[in-house]
Amino acid sequence: MNQENCRRGLEIPGIRSCVARCLIGCVLFVVIEYAAAAPEVLLCRGRPVAGCSACAEPIERLPRTRTVAAPQRWEQGSYGGKTRWRSLVQCTYTVLHWVIAGRTLGAGQAREGAPMATVPIQSLDVEYPFRSPPPTVRLVRSESSTHPFALTVAAAWSCYGARPANVERVAELVAGNGDAARAARRERAAALYPDLFAAGHHTTFQHAHFVFVLDGVSRLAIWSFFHHHPFYNSEQVSQRYREVTGATMVTPELPAPLDALYRAAMERALAGYRRLVELLTPDLAVRYAEVFPARARSQRPEVQERVRTAVQRRAQEVARYVLPLATPAHLYHTVNALTLLRYFVLANQLDAPREVRYVVNRMVEEVLAVDPNFLGAPGHPLDPAVLALEETLEYQVLQSFTAALERSASEAFFREFDEALGPYHSRLVAHTPDAERVLADAVRAVLGRSRAELDDDTAIALVLDPAKNHYLGHPLFLAMHSKLMQTLTHVSFTFQKRISGAEDAQNQRHRGTLSSGPVLLAHLREEPDVIVPEDIARVPAALDEYLETIRVLWETKNRLLDAGVPAEYALYLLPNAHHVRFYESGTLLAYLWKWIKRLCFDAQWEIWETARQETEQVRQVLPRIGQYVAQPPCVLRDRAGLHPPCPEGERYCGVPVWRGYNPDALRVRRVL
């Protein structure tokens, strides 16, 4: 409860006035409390409150309640708007709720046998704001933590107990079984859960993990929210391996004329995608035959089908650049309880489309179905302090730049950013000073050796040369757990990047290299701002189709904005090809793994080129480190003496890159 408001309420002069207001508070309490079947913890405008059945309002970009048990109308000031008046009613309501419900302040007692029922499902209801079918959210219960409350409490008790607390016994305790002594212990467990959260002891919440299957979620929602942080794991449908049918595209609610305009743009994008696949296929088939001549000449039906499938996938990979961010996807998405709570708080943030709030509420609803105490037990609600849009940091900062939230971006920014990039689309702008000496010193410190015993070149080779460090060739990449290889964390890099949304969707999967992604609403431009893939530039007819498809999407986006449509809706029309500008930083350890994986010729072309540019620059500024970083997996394995050099099996790119390897010739040797 807000103690300051309570104090101010009790200072109201006039006993008669106080008594009258307390009586009104009592009446309000009885009406609200007993209108519901039982005391419960539910969400008042996004935050859990005790016994507040009157304001189980959908959570959707609303200012959050700032006092624990205040119904929404009190917070809005409909009783005269006087702070002391509201504070007194709030205090009266809360005290009476605790006393009448058998939760006397400080008593530490719970009603015997009462299970800990919490947030009712209807409190999480929020209408899906679009015309297209809503995404589906399913918790894989057999693979997820089914007792996150008990697991959190057990983990906390284990910190102070003589032996680890038993989760099963805590779960049984929570269920309401046992005598009066156990009831008191159950009440302590109920109180501990929100106390841990409020005090910031969040590691206890990280033991519980939830595996979700999300289906029909837009690429915009995934890029802007679900993959825009390091604390998740996802397996998302690939636009290389699966053809996009476009049967359902995420479609916001728009007036009839604008809805027709939006749908026409979607159809044009899908038609452009299909046409690009057709136009690109002949050129890609010729180049595929250069790499796999025997396959291309084969008359065996199964081999011909293999060739056809491989070429089609390459064409789909390139054609996907014209697909809009409204394209839906399905994915497995795993997060821990702490991350899910952060989702719950930040789902209204700027640049996250409203479908994110819908999906997050469904995720919380799924967890509450297996553990009703996830958001706290009766009388002990967990207070996640859900943020409204207006309370997010990015919104508050950008308020001073009104145009950034309404329409046009700053062209001066784009000129400055792009001029600084020079010939690169990923430019090294900073790295650890004297990085090679720092790395060598760190290696010597691990081994307890002096400079005379271990020179810099030898020390660096011990951790980066696959001929000396067999961990580099291990399929599990053991660097994160090796004391010697952890020395690579002392060298860091920062890159300035301008890449496509398609590449950034892949780039996000490398969660050790963190980026400060852009607020897309502040990056909307009047004219198309996209990458032109090299495979499309090679085929004139494909280039014409590509540019025309982009033009239609971009012009439709502008027309919707001109008509006053929320800028959030316009973002769905951005193609995968749209430029994303940001800065990214990471340690040598994180970048090394990323470069190894993305320098493989099987990696998609744009992110492969980014890795090539980055390692080229590292070789220029740090030659002793740089000689080891530009190694595709096959080169690394060959130098480590592992066979076969290529670990991809049937996905082998067809080029023996490890033979006569020269990092400067990488671009020349890649055909597909």
# chains A, B, ... in the order shown; residues from 1 in each chain; ligands from 1
call {"tool": "residues_around", "arguments": {"residues": "Thr136 of chain A", "least_positions_apart": "3", "cutoff": "10 Å", "atoms": "only C-alpha atoms", "output": "PyMOL selection string"}}
result
chain A and resi 133+212-217+330+358-359+362-363
call {"tool": "residues_around", "arguments": {"residues": "Lys557 of chain A", "least_positions_apart": "4", "cutoff": "8 Å", "atoms": "only C-alpha atoms", "output": "compact mmCIF listing (two decimals) with all heavy atoms, in the first residue's frame"}}
result
# COMPACT_ATOMS: atom_id res chain seq x y z
N LEU A 553 4.54 -0.88 -51.56
CA LEU A 553 4.48 -0.97 -50.10
C LEU A 553 4.77 0.38 -49.45
O LEU A 553 4.10 0.80 -48.50
CB LEU A 553 5.46 -2.03 -49.60
CG LEU A 553 5.09 -3.49 -49.84
CD1 LEU A 553 6.25 -4.41 -49.52
CD2 LEU A 553 3.87 -3.87 -48.99
N LEU A 561 -0.34 6.92 -43.44
CA LEU A 561 0.08 7.96 -42.49
C LEU A 561 -0.59 9.29 -42.81
O LEU A 561 -1.01 10.02 -41.90
CB LEU A 561 1.60 8.09 -42.53
CG LEU A 561 2.40 6.92 -41.94
CD1 LEU A 561 3.89 7.11 -42.18
CD2 LEU A 561 2.13 6.78 -40.45
N ALA A 570 1.34 1.38 -39.86
CA ALA A 570 2.15 1.56 -41.06
C ALA A 570 3.40 0.69 -41.03
O ALA A 570 3.91 0.28 -42.08
CB ALA A 570 2.55 3.03 -41.21
N LEU A 571 3.89 0.37 -39.83
CA LEU A 571 5.10 -0.45 -39.73
C LEU A 571 4.90 -1.83 -40.33
O LEU A 571 5.86 -2.45 -40.80
CB LEU A 571 5.52 -0.58 -38.26
CG LEU A 571 5.97 0.69 -37.55
CD1 LEU A 571 6.35 0.39 -36.10
CD2 LEU A 571 7.14 1.34 -38.26
N LEU A 573 3.69 -2.56 -43.02
CA LEU A 573 3.92 -2.52 -44.46
C LEU A 573 5.39 -2.45 -44.83
O LEU A 573 5.75 -2.59 -46.00
CB LEU A 573 3.18 -1.32 -45.06
CG LEU A 573 1.66 -1.46 -45.11
CD1 LEU A 573 1.00 -0.09 -45.22
CD2 LEU A 573 1.24 -2.35 -46.26
N LEU A 574 6.25 -2.22 -43.87
CA LEU A 574 7.68 -2.18 -44.18
C LEU A 574 8.13 -3.56 -44.67
O LEU A 574 7.82 -4.58 -44.05
CB LEU A 574 8.49 -1.79 -42.95
CG LEU A 574 8.38 -0.34 -42.48
CD1 LEU A 574 9.21 -0.14 -41.21
CD2 LEU A 574 8.84 0.63 -43.56
call {"tool": "residues_around", "arguments": {"residues": "segment 494-496 of chain A", "least_positions_apart": "2", "cutoff": "8 Å", "atoms": "only C-alpha atoms", "output": "list in words"}}
result
Leu421, His425, Ser426, Arg427, Leu428, Val429, Ala430, His431, Ser492, Arg498, Arg581, Phe582, Tyr583, Glu584, Ser585 and Gly586 of chain A
call {"tool": "atom_distance", "arguments": {"atom1": "atom CA of Val386 of chain A", "atom2": "atom CA of Ile222 of chain A"}}
result
20.2 Å
call {"tool": "residues_around", "arguments": {"residues": "Gly660 of chain A", "least_positions_apart": "5", "cutoff": "12 Å", "atoms": "only C-alpha atoms", "output": "list in words"}}
result
Val635, Asp638, Arg639, Val655, Ala665, Leu666 and Arg669 of chain A
call {"tool": "write_last_selection", "arguments": {"atoms": "N, CA and C atoms", "output": "mmCIF file, in the first residue's frame"}}
result
data_model
loop_
_atom_site.group_PDB
_atom_site.id
_atom_site.type_symbol
_atom_site.label_atom_id
_atom_site.label_comp_id
_atom_site.auth_asym_id
_atom_site.auth_seq_id
_atom_site.Cartn_x
_atom_site.Cartn_y
_atom_site.Cartn_z
ATOM 1 N N VAL A 635 37.338 -24.472 -42.240
ATOM 2 C CA VAL A 635 38.748 -24.086 -42.114
ATOM 3 C C VAL A 635 39.232 -24.358 -40.695
ATOM 4 N N ASP A 638 39.582 -28.094 -40.169
ATOM 5 C CA ASP A 638 40.735 -28.631 -40.896
ATOM 6 C C ASP A 638 42.027 -28.325 -40.147
ATOM 7 N N ARG A 639 42.141 -27.112 -39.648
ATOM 8 C CA ARG A 639 43.355 -26.729 -38.917
ATOM 9 C C ARG A 639 43.442 -27.428 -37.568
ATOM 10 N N VAL A 655 31.891 -26.031 -51.991
ATOM 11 C CA VAL A 655 33.188 -25.383 -52.223
ATOM 12 C C VAL A 655 34.153 -25.809 -51.110
ATOM 13 N N ALA A 665 40.253 -13.966 -50.256
ATOM 14 C CA ALA A 665 39.626 -14.543 -51.452
ATOM 15 C C ALA A 665 38.237 -15.112 -51.170
ATOM 16 N N LEU A 666 37.742 -14.909 -49.950
ATOM 17 C CA LEU A 666 36.451 -15.480 -49.584
ATOM 18 C C LEU A 666 35.342 -15.027 -50.531
ATOM 19 N N ARG A 669 35.407 -16.644 -54.029
ATOM 20 C CA ARG A 669 35.137 -18.078 -54.109
ATOM 21 C C ARG A 669 33.661 -18.416 -53.883
#
